[in-house]
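Q: My structure file input.cif, mmCIF, C-alpha atoms and all ligand atoms, is below:
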data_entry
loop_
_atom_site.label_atom_id
_atom_site.label_comp_id
_atom_site.auth_asym_id
_atom_site.auth_seq_id
_atom_site.Cartn_x
_atom_site.Cartn_y
_atom_site.Cartn_z
CA MET A 298 -1.99 2.51 15.06
CA PRO A 299 -1.03 0.69 11.85
CA LEU A 300 -2.82 2.94 9.34
CA THR A 301 -2.59 6.29 11.14
CA GLY A 302 -2.58 9.14 8.62
CA LYS A 303 -3.15 6.87 5.60
CA ILE A 304 -5.85 7.90 3.14
CA ALA A 305 -7.87 4.83 2.14
CA VAL A 306 -10.45 4.60 -0.65
CA VAL A 307 -12.82 1.64 -0.40
CA THR A 308 -15.04 1.36 -3.47
CA GLY A 309 -18.59 0.08 -2.91
CA SER A 310 -18.46 0.68 0.83
CA SER A 311 -22.10 1.64 1.35
CA LYS A 312 -22.79 -1.90 2.56
CA GLY A 313 -21.55 -5.47 2.80
CA ILE A 314 -17.85 -6.31 2.70
CA GLY A 315 -16.79 -2.81 1.58
CA PHE A 316 -18.58 -1.26 4.56
CA ALA A 317 -16.88 -3.71 6.95
CA ILE A 318 -13.46 -2.89 5.46
CA ALA A 319 -14.07 0.86 5.73
CA LYS A 320 -15.17 0.43 9.37
CA GLU A 321 -12.17 -1.75 10.25
CA PHE A 322 -9.74 0.70 8.62
CA ALA A 323 -11.21 3.72 10.41
CA GLU A 324 -12.19 2.36 13.81
CA ASN A 325 -9.43 -0.14 14.56
CA ASN A 326 -6.55 1.13 12.43
CA ASP A 327 -6.99 4.91 12.47
CA ALA A 328 -6.99 5.36 8.67
CA ILE A 329 -8.74 8.31 7.03
CA VAL A 330 -11.37 6.52 4.96
CA ILE A 331 -13.42 7.56 1.94
CA VAL A 332 -16.73 5.66 1.96
CA CYS A 333 -18.15 5.44 -1.57
CA SER A 334 -21.46 4.73 -3.21
CA ARG A 335 -23.03 5.63 -6.54
CA ASN A 336 -25.47 7.54 -4.38
CA LEU A 337 -23.99 10.23 -2.13
CA LYS A 338 -26.84 9.94 0.38
CA GLN A 339 -26.19 6.18 0.78
CA ALA A 340 -22.47 6.88 1.22
CA GLN A 341 -23.27 9.44 3.92
CA ILE A 342 -25.64 7.08 5.73
CA ALA A 343 -22.89 4.43 5.77
CA ALA A 344 -20.17 6.90 6.80
CA ASP A 345 -22.34 8.10 9.70
CA LYS A 346 -22.34 4.56 11.10
CA ILE A 347 -18.53 4.52 11.36
CA LYS A 348 -16.53 6.25 14.09
CA GLY A 349 -13.29 8.01 13.23
CA ASN A 350 -12.00 9.93 10.24
CA VAL A 351 -14.55 9.04 7.59
CA PHE A 352 -15.70 10.99 4.53
CA ALA A 353 -18.58 10.10 2.21
CA ASP A 354 -18.24 10.49 -1.54
CA GLU A 355 -20.02 9.59 -4.76
CA LEU A 356 -18.39 7.15 -7.17
CA ASP A 357 -19.57 5.07 -10.10
CA VAL A 358 -16.63 2.90 -11.13
CA THR A 359 -18.13 2.33 -14.60
CA ASP A 360 -18.01 6.03 -15.47
CA ASP A 361 -14.75 7.80 -16.42
CA MET A 362 -16.10 11.23 -15.55
CA SER A 363 -17.33 10.09 -12.14
CA VAL A 364 -13.90 8.56 -11.41
CA ASN A 365 -12.04 11.72 -12.55
CA LYS A 366 -14.20 14.02 -10.45
CA PHE A 367 -13.90 11.70 -7.45
CA ILE A 368 -10.09 11.56 -7.66
CA ASN A 369 -9.85 15.34 -8.04
CA ARG A 370 -12.03 15.90 -4.97
CA ILE A 371 -9.85 13.58 -2.90
CA LEU A 372 -6.65 15.22 -4.06
CA TYR A 373 -8.12 18.64 -3.27
CA ASP A 374 -9.26 17.58 0.22
CA HIS A 375 -6.50 15.15 1.25
CA ASN A 376 -3.65 15.58 -1.22
CA ARG A 377 -2.82 11.86 -1.45
CA ILE A 378 -4.19 8.30 -1.61
CA ASP A 379 -2.30 5.49 0.13
CA ILE A 380 -4.70 2.56 -0.03
CA LEU A 381 -7.22 1.53 -2.68
CA VAL A 382 -9.61 -1.37 -2.15
CA ASN A 383 -11.35 -2.34 -5.40
CA ASN A 384 -14.38 -3.93 -3.77
CA SER A 385 -17.31 -2.71 -5.93
CA GLY A 386 -19.15 -5.64 -7.41
CA TYR A 387 -22.09 -6.16 -9.70
CA GLN A 388 -24.97 -7.28 -7.48
CA PHE A 389 -25.52 -11.02 -7.02
CA ASP A 390 -28.07 -11.85 -9.73
CA ARG A 391 -29.46 -15.36 -9.49
CA ASN A 392 -30.72 -15.17 -13.09
CA ILE A 393 -27.10 -14.90 -14.18
CA TRP A 394 -25.51 -17.07 -11.46
CA TYR A 395 -27.68 -20.17 -11.99
CA LYS A 396 -27.59 -20.20 -15.83
CA LYS A 397 -25.47 -22.85 -17.47
CA PHE A 398 -22.38 -21.46 -19.18
CA HIS A 399 -23.83 -21.98 -22.69
CA GLU A 400 -27.11 -20.24 -21.79
CA GLY A 401 -25.43 -16.99 -20.67
CA THR A 402 -25.22 -13.93 -22.89
CA ILE A 403 -22.31 -11.67 -23.72
CA GLU A 404 -24.41 -8.76 -22.47
CA GLU A 405 -24.66 -10.37 -19.01
CA LEU A 406 -20.92 -10.97 -18.96
CA GLN A 407 -20.36 -7.34 -20.01
CA ARG A 408 -22.47 -6.03 -17.12
CA ILE A 409 -20.27 -7.80 -14.58
CA ILE A 410 -17.02 -6.94 -16.35
CA GLU A 411 -17.99 -3.25 -16.40
CA VAL A 412 -18.10 -3.05 -12.61
CA ASP A 413 -15.83 -5.80 -11.28
CA LEU A 414 -13.02 -5.67 -13.83
CA LYS A 415 -13.08 -2.44 -15.83
CA GLY A 416 -14.08 -0.55 -12.66
CA SER A 417 -11.03 -1.92 -10.83
CA VAL A 418 -8.73 -1.18 -13.78
CA ARG A 419 -10.13 2.36 -14.05
CA LEU A 420 -9.64 3.13 -10.35
CA SER A 421 -6.18 1.55 -10.24
CA ARG A 422 -5.05 3.57 -13.28
CA ALA A 423 -6.34 6.76 -11.65
CA VAL A 424 -4.73 6.05 -8.28
CA ILE A 425 -1.32 4.69 -9.31
CA PRO A 426 0.03 8.07 -10.54
CA ILE A 427 -0.90 9.48 -7.12
CA MET A 428 0.89 6.61 -5.38
CA LEU A 429 3.92 7.22 -7.62
CA GLN A 430 3.77 10.84 -6.57
CA ASN A 431 3.71 9.71 -2.91
CA ALA A 432 6.98 7.92 -3.64
CA ASN A 433 8.56 11.01 -5.13
CA THR A 434 7.49 13.57 -2.59
CA ASP A 435 7.39 11.90 0.80
CA CYS A 436 10.69 11.34 2.46
CA LYS A 437 9.37 9.01 5.17
CA LYS A 438 10.01 5.49 3.88
CA GLU A 439 6.73 4.07 5.23
CA ASN A 440 4.69 6.72 3.41
CA LYS A 441 6.04 6.02 -0.07
CA GLY A 442 3.96 4.22 -2.69
CA GLY A 443 0.75 2.53 -1.65
CA VAL A 444 -1.33 -0.62 -1.48
CA ILE A 445 -4.03 -1.85 -3.88
CA VAL A 446 -6.38 -4.67 -2.84
CA ASN A 447 -8.61 -6.37 -5.42
CA ILE A 448 -11.56 -8.45 -4.29
CA SER A 449 -11.98 -11.75 -6.14
CA SER A 450 -13.60 -15.07 -5.29
CA THR A 451 -12.51 -18.67 -4.86
CA PRO A 452 -14.32 -20.01 -7.98
CA ALA A 453 -11.93 -17.80 -9.97
CA ILE A 454 -9.13 -20.09 -8.77
CA ALA A 455 -10.76 -23.47 -8.32
CA GLY A 456 -13.60 -23.29 -10.85
CA TYR A 457 -17.24 -23.86 -9.96
CA THR A 458 -20.36 -25.46 -11.30
CA GLU A 459 -22.26 -22.12 -11.47
CA GLY A 460 -21.73 -18.39 -11.97
CA SER A 461 -19.34 -18.51 -14.95
CA PRO A 462 -19.62 -14.78 -15.86
CA TYR A 463 -18.67 -13.83 -12.28
CA ASN A 464 -15.89 -16.40 -12.15
CA ILE A 465 -14.36 -15.38 -15.48
CA THR A 466 -14.35 -11.75 -14.38
CA LYS A 467 -12.97 -12.45 -10.93
CA ALA A 468 -10.14 -14.52 -12.46
CA ALA A 469 -9.12 -11.43 -14.41
CA ASN A 470 -8.93 -9.50 -11.11
CA ILE A 471 -6.18 -11.88 -9.99
CA ALA A 472 -4.25 -11.09 -13.19
CA LEU A 473 -4.80 -7.37 -12.57
CA THR A 474 -3.20 -7.70 -9.14
CA LYS A 475 -0.20 -9.49 -10.61
CA CYS A 476 0.29 -6.86 -13.35
CA ILE A 477 0.31 -4.06 -10.78
CA ALA A 478 2.53 -5.98 -8.36
CA LYS A 479 5.19 -6.68 -11.00
CA GLU A 480 5.16 -3.27 -12.68
CA TYR A 481 5.27 -1.14 -9.55
CA ALA A 482 7.13 -3.23 -6.96
CA THR A 483 10.19 -0.98 -7.15
CA ASN A 484 7.94 2.05 -6.56
CA ASN A 485 6.80 0.53 -3.26
CA ILE A 486 3.28 -0.01 -4.62
CA ARG A 487 2.08 -3.42 -3.46
CA ALA A 488 -1.01 -5.27 -4.72
CA TYR A 489 -2.99 -8.20 -3.36
CA THR A 490 -6.06 -10.22 -4.22
CA LEU A 491 -8.50 -11.39 -1.58
CA ALA A 492 -10.25 -14.48 -2.94
CA LEU A 493 -13.43 -14.94 -0.96
CA GLY A 494 -15.67 -17.89 -0.31
CA SER A 495 -19.26 -17.41 0.87
CA ILE A 496 -19.44 -14.23 2.91
CA ALA A 497 -22.73 -13.39 4.60
CA THR A 498 -23.72 -10.00 3.20
CA LEU A 499 -27.36 -9.06 2.74
CA GLY A 500 -26.87 -8.84 -1.04
CA THR A 501 -25.83 -12.48 -1.20
CA ILE A 502 -27.85 -14.04 1.62
CA GLU A 503 -31.17 -12.45 0.68
CA SER A 504 -30.95 -13.63 -2.93
CA MET A 505 -30.67 -17.29 -1.92
CA THR A 506 -33.18 -19.82 -0.66
CA GLN A 507 -32.61 -21.40 2.75
CA GLU A 508 -31.49 -24.60 1.04
CA GLU A 509 -28.96 -22.77 -1.13
CA ARG A 510 -27.60 -20.95 1.93
CA TYR A 511 -27.23 -24.24 3.80
CA SER A 512 -25.43 -25.96 0.95
CA ALA A 513 -23.06 -22.98 0.50
CA ALA A 514 -22.11 -23.28 4.18
CA GLN A 515 -21.53 -27.02 3.88
CA GLU A 516 -18.94 -26.47 1.10
CA SER A 517 -16.49 -24.94 3.57
CA SER A 518 -14.37 -27.04 5.92
CA MET A 519 -15.65 -24.82 8.74
CA LYS A 520 -19.26 -25.54 7.67
CA ARG A 521 -20.32 -21.93 7.91
CA TRP A 522 -20.47 -18.62 6.05
CA GLY A 523 -17.75 -16.07 6.67
CA LYS A 524 -18.53 -12.67 8.14
CA PRO A 525 -17.65 -9.42 6.33
CA GLU A 526 -15.63 -8.46 9.43
CA GLU A 527 -13.43 -11.53 8.93
CA VAL A 528 -12.52 -10.24 5.46
CA ALA A 529 -11.99 -6.73 6.80
CA LYS A 530 -9.43 -7.87 9.40
CA VAL A 531 -7.30 -9.46 6.66
CA ALA A 532 -7.63 -6.38 4.43
CA ALA A 533 -6.35 -4.19 7.27
CA CYS A 534 -3.40 -6.52 7.87
CA ILE A 535 -2.21 -6.45 4.27
CA ALA A 536 -2.75 -2.70 3.94
CA ASP A 537 -0.20 -1.93 6.63
CA ASN A 538 3.54 -2.27 6.42
CA SER A 539 3.64 -5.76 7.99
CA PHE A 540 3.37 -7.18 4.46
CA SER A 541 6.28 -5.09 3.19
CA PHE A 542 8.13 -8.01 1.50
CA ALA A 543 5.06 -9.66 -0.07
CA THR A 544 3.23 -8.51 -3.18
CA GLY A 545 1.03 -9.97 -5.93
CA ASN A 546 -0.32 -12.62 -3.55
CA THR A 547 -3.78 -14.13 -3.61
CA ILE A 548 -5.05 -14.58 -0.07
CA VAL A 549 -7.91 -17.03 0.21
CA ILE A 550 -10.58 -16.37 2.85
CA ASP A 551 -13.06 -19.22 2.61
CA GLY A 552 -13.13 -21.28 5.80
CA GLY A 553 -10.65 -23.78 4.36
CA THR A 554 -12.60 -24.79 1.24
CA ILE A 555 -9.90 -24.63 -1.40
CA LEU A 556 -6.40 -25.36 -0.16
CA LEU A 557 -3.55 -24.22 -2.39
N1 LIG B 1 -20.55 -11.89 -0.49
C1 LIG B 1 -19.88 -12.92 -1.01
O1 LIG B 1 -20.14 -14.10 -0.69
C2 LIG B 1 -18.77 -12.67 -1.97
C3 LIG B 1 -18.01 -13.78 -2.40
C4 LIG B 1 -16.96 -13.58 -3.28
C5 LIG B 1 -16.66 -12.30 -3.74
N2 LIG B 1 -17.43 -11.25 -3.33
C6 LIG B 1 -17.08 -9.91 -3.84
O2 LIG B 1 -16.96 -9.01 -2.76
C7 LIG B 1 -17.35 -7.69 -3.16
C8 LIG B 1 -18.42 -7.16 -2.22
O3 LIG B 1 -19.49 -8.08 -2.17
P1 LIG B 1 -20.77 -7.84 -1.24
O4 LIG B 1 -21.39 -9.15 -1.01
O5 LIG B 1 -20.39 -6.96 -0.09
O6 LIG B 1 -21.67 -7.00 -2.26
P2 LIG B 1 -22.91 -5.96 -1.99
O7 LIG B 1 -23.38 -6.05 -0.60
O8 LIG B 1 -23.85 -6.22 -3.13
O9 LIG B 1 -22.20 -4.56 -2.20
C9 LIG B 1 -21.69 -4.22 -3.46
C10 LIG B 1 -21.14 -2.82 -3.42
O10 LIG B 1 -20.70 -2.49 -4.75
C11 LIG B 1 -21.16 -1.19 -5.06
N3 LIG B 1 -21.35 -1.01 -6.50
C12 LIG B 1 -22.14 -1.72 -7.35
N4 LIG B 1 -22.04 -1.20 -8.59
C13 LIG B 1 -21.19 -0.15 -8.52
C14 LIG B 1 -20.68 0.80 -9.44
N5 LIG B 1 -21.04 0.80 -10.74
N6 LIG B 1 -19.81 1.75 -9.01
C15 LIG B 1 -19.44 1.80 -7.72
N7 LIG B 1 -19.88 0.94 -6.78
C16 LIG B 1 -20.74 -0.02 -7.19
C17 LIG B 1 -22.45 -1.01 -4.27
O11 LIG B 1 -22.57 0.38 -3.98
P3 LIG B 1 -23.88 1.29 -4.29
O12 LIG B 1 -25.00 0.35 -4.72
O13 LIG B 1 -24.15 1.97 -2.99
O14 LIG B 1 -23.41 2.20 -5.37
C18 LIG B 1 -22.18 -1.80 -3.00
O15 LIG B 1 -21.63 -0.97 -2.00
C19 LIG B 1 -17.82 -7.82 -4.60
O16 LIG B 1 -16.77 -7.51 -5.48
C20 LIG B 1 -18.17 -9.30 -4.71
O17 LIG B 1 -18.12 -9.80 -6.02
C21 LIG B 1 -18.47 -11.42 -2.46
#
As structure tokens - that is how I would like this structure written.

A:
Amino acid sequence: MPLTGKIAVVTGSSKGIGFAIAKEFAENNDAIVIVCSRNLKQAQIAADKIKGNVFADELDVTDDMSVNKFINRILYDHNRIDILVNNSGYQFDRNIWYKKFHEGTIEELQRIIEVDLKGSVRLSRAVIPIMLQNANTDCKKENKGGVIVNISSTPAIAGYTEGSPYNITKAANIALTKCIAKEYATNNIRAYTLALGSIATLGTIESMTQEERYSAAQESSMKRWGKPEEVAKVAACIADNSFSFATGNTIVIDGGTILL
């Protein structure tokens, strides 16, 4: 199978899109997957719902010490990391999302940046030396380097009438992908951004009124919400070696809303 033997870390995989990616990696692609939550019990509950080689661990991407301990545990148990999916996201907060740009506060922006941007930078910086080590020590060509996937959103590319703190932060994720792709391409470390439209996770759906949900669906050419599993299938594709001559790309998954 495409990801057999690969060690994959999916941040924020206790639920939603992260959970679907972890499940797809483990069940349909045979990866060894680390399911993460800030709460170990939640991570274990999620991991128990997935068949295959799955391990639960505790990770707060906003906390250096938590990241260091997490990385050390993985190295101790598995000795390498091949795939990192920076999926953790600050929860959908309608008080922030529906404010006009000029009404928002720096503190609100900071809260989102801490998780979605600084969290992704922190994890990538911790994992890249391990991926470089993979390149130095493993003689099998397909096991050198690694793959980093950053989760962004379509308003980061096309702009939007709401949610500016999220959109500003998610735009920076696209730049993060490009920095990694350019700096480490010769080390066989590839990086991608998944720019998502409306994906039906409980966190998003339950915070919206029926009318808001309907109008979000109508924005897409397919006139529907995407499913977390539809994101997970794409993540699994780019994590394997089929994408060996592509890096730094932004892959839009939004039912044909924004066309580049
Ligand atoms: N759903 C959409 O329509 C949509 C659209 C565009 C982009 N996205 C992006 O896709 C990603 C997943 O979205 P989702 O809808 O699946 O979100 P979700 O259901 O709210 O899940 C968010 C995940 O992030 C984790 N998390 C939050 N703060 C964290 C922290 N400090 N450290 C580590 N993990 C943390 C949560 O884990 P614990 O609470 O268990 O720690 C949870 O597993 C996010 O980056 C989001 O911005 C989603």

Q: Please determine, counting all atoms listed in the file, which residue among A:Ser495, A:Asn325, A:Ser539, A:Asn431 has the shortest atom-to-atom distance to ligand LIG 1 (chain B).

A: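 Closest to ligand LIG 1 (chain B), using all atoms listed in the file: A:Ser495.
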
Q: Closest to A:Leu420 among A:Phe367, A:Phe322, A:Tyr489, A:Phe542, using all atoms listed in the file?

A: A:Phe367

Q: Just how far from atom CA of A:Val531 is atom C8 of ligand LIG 1 (chain B), in Å to one decimal?

A: 14.4 Å

Q: Which residues, protein or nucleic acid, reach to within 6 Å of (-8.6, 1.7, 0.9) in the file's coordinates when using all atoms listed in the file, and can you give that as a count of residues only?

A: 6

Q: Given the point (-6.9, 5.9, 13.7) in the file's coordinates, find the residues that have an atom at most 7 Å from it, counting all atoms listed in the file, and give them as a ChimeraX atom specification.

A: /A:298,300-301,323-328,349

Q: Atom CA of A:Val446 to atom CA of A:Arg487: how many Å, to one decimal?

A: 8.6 Å

Q: How big is the axis-aligned box around all listed atoms of stretch 487-493 of chain A once 8 Å goes on each side, and where's its centre, in Å to one decimal, as AutoDock Vina command-line options?

A:
--center_x -5.7 --center_y -9.2 --center_z -2.8 --size_x 31.5 --size_y 27.5 --size_z 19.8

Q: So which residues are near ligand LIG 1 (chain B), meaning at most 7 Å away with only C-alpha atoms and all ligand atoms counted, given back as a PyMOL selection string?

A: chain A and resi 308-315+334-336+339-340+356-359+384-389+412-413+448-451+492-501

Q: Pick from A:Gly416, A:Pro299, A:Pro462, A:Pro452: nearest to A:Glu404, with only C-alpha atoms counted?

A: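 Selected residue with least distance to A:Glu404: A:Pro462.
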
Q: To one decimal in Å, tell me the separation between atom CA of A:Lys320 and atom CA of A:Ala529.

A: 8.2 Å

Q: List as a PyMOL selection string the protein and nucleic acid residues near stretch 470-483 of chain A, meaning an atom at most 9 Å away when all atoms listed in the file are counted, but skip any in the same chain fewer than 2 places from it.

A: chain A and resi 413-414+417-418+421+425+429+442+445-449+453-454+466-468+485-492+544-547

Q: Point out the residue among A:Ile550, A:Ile304, A:Val424, A:Ile331 with the least atom-to-atom distance to A:Ser518, counting all atoms listed in the file.

A: A:Ile550

Q: Complete the atoms of stretch 391-408 of chain A to N, CA and C atoms and put them out as a PDB file, keeping the file's coordinate frame.

A:
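Result saved to part.pdb:
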ATOM      1  N   ARG A 391     -29.302 -13.920  -9.358  1.00  0.00           N
ATOM      2  CA  ARG A 391     -29.460 -15.360  -9.490  1.00  0.00           C
ATOM      3  C   ARG A 391     -29.822 -15.775 -10.920  1.00  0.00           C
ATOM      4  N   ASN A 392     -30.413 -14.845 -11.690  1.00  0.00           N
ATOM      5  CA  ASN A 392     -30.720 -15.170 -13.090  1.00  0.00           C
ATOM      6  C   ASN A 392     -29.450 -15.376 -13.908  1.00  0.00           C
ATOM      7  N   ILE A 393     -28.388 -14.704 -13.492  1.00  0.00           N
ATOM      8  CA  ILE A 393     -27.100 -14.900 -14.180  1.00  0.00           C
ATOM      9  C   ILE A 393     -26.359 -16.073 -13.543  1.00  0.00           C
ATOM     10  N   TRP A 394     -26.326 -16.089 -12.198  1.00  0.00           N
ATOM     11  CA  TRP A 394     -25.510 -17.070 -11.460  1.00  0.00           C
ATOM     12  C   TRP A 394     -25.916 -18.520 -11.793  1.00  0.00           C
ATOM     13  N   TYR A 395     -27.237 -18.781 -11.846  1.00  0.00           N
ATOM     14  CA  TYR A 395     -27.680 -20.170 -11.990  1.00  0.00           C
ATOM     15  C   TYR A 395     -27.854 -20.624 -13.444  1.00  0.00           C
ATOM     16  N   LYS A 396     -27.531 -19.768 -14.423  1.00  0.00           N
ATOM     17  CA  LYS A 396     -27.590 -20.200 -15.830  1.00  0.00           C
ATOM     18  C   LYS A 396     -26.390 -21.080 -16.141  1.00  0.00           C
ATOM     19  N   LYS A 397     -26.617 -22.081 -16.992  1.00  0.00           N
ATOM     20  CA  LYS A 397     -25.470 -22.850 -17.470  1.00  0.00           C
ATOM     21  C   LYS A 397     -24.601 -21.935 -18.332  1.00  0.00           C
ATOM     22  N   PHE A 398     -23.332 -22.278 -18.417  1.00  0.00           N
ATOM     23  CA  PHE A 398     -22.380 -21.460 -19.180  1.00  0.00           C
ATOM     24  C   PHE A 398     -22.904 -21.144 -20.592  1.00  0.00           C
ATOM     25  N   HIS A 399     -23.427 -22.182 -21.286  1.00  0.00           N
ATOM     26  CA  HIS A 399     -23.830 -21.980 -22.690  1.00  0.00           C
ATOM     27  C   HIS A 399     -25.133 -21.186 -22.822  1.00  0.00           C
ATOM     28  N   GLU A 400     -25.854 -21.016 -21.724  1.00  0.00           N
ATOM     29  CA  GLU A 400     -27.110 -20.240 -21.790  1.00  0.00           C
ATOM     30  C   GLU A 400     -26.885 -18.741 -21.516  1.00  0.00           C
ATOM     31  N   GLY A 401     -25.717 -18.393 -21.003  1.00  0.00           N
ATOM     32  CA  GLY A 401     -25.430 -16.990 -20.670  1.00  0.00           C
ATOM     33  C   GLY A 401     -25.266 -16.145 -21.922  1.00  0.00           C
ATOM     34  N   THR A 402     -25.392 -14.826 -21.752  1.00  0.00           N
ATOM     35  CA  THR A 402     -25.220 -13.930 -22.890  1.00  0.00           C
ATOM     36  C   THR A 402     -23.980 -13.068 -22.686  1.00  0.00           C
ATOM     37  N   ILE A 403     -23.468 -12.572 -23.793  1.00  0.00           N
ATOM     38  CA  ILE A 403     -22.310 -11.670 -23.720  1.00  0.00           C
ATOM     39  C   ILE A 403     -22.706 -10.394 -22.971  1.00  0.00           C
ATOM     40  N   GLU A 404     -23.943  -9.984 -23.146  1.00  0.00           N
ATOM     41  CA  GLU A 404     -24.410  -8.760 -22.470  1.00  0.00           C
ATOM     42  C   GLU A 404     -24.357  -8.924 -20.943  1.00  0.00           C
ATOM     43  N   GLU A 405     -24.732 -10.123 -20.462  1.00  0.00           N
ATOM     44  CA  GLU A 405     -24.660 -10.370 -19.010  1.00  0.00           C
ATOM     45  C   GLU A 405     -23.213 -10.340 -18.523  1.00  0.00           C
ATOM     46  N   LEU A 406     -22.348 -10.971 -19.310  1.00  0.00           N
ATOM     47  CA  LEU A 406     -20.920 -10.970 -18.960  1.00  0.00           C
ATOM     48  C   LEU A 406     -20.394  -9.524 -18.920  1.00  0.00           C
ATOM     49  N   GLN A 407     -20.794  -8.746 -19.926  1.00  0.00           N
ATOM     50  CA  GLN A 407     -20.360  -7.340 -20.010  1.00  0.00           C
ATOM     51  C   GLN A 407     -20.749  -6.554 -18.758  1.00  0.00           C
ATOM     52  N   ARG A 408     -21.982  -6.794 -18.281  1.00  0.00           N
ATOM     53  CA  ARG A 408     -22.470  -6.030 -17.120  1.00  0.00           C
ATOM     54  C   ARG A 408     -21.558  -6.249 -15.916  1.00  0.00           C
TER      55      ARG A 408
END
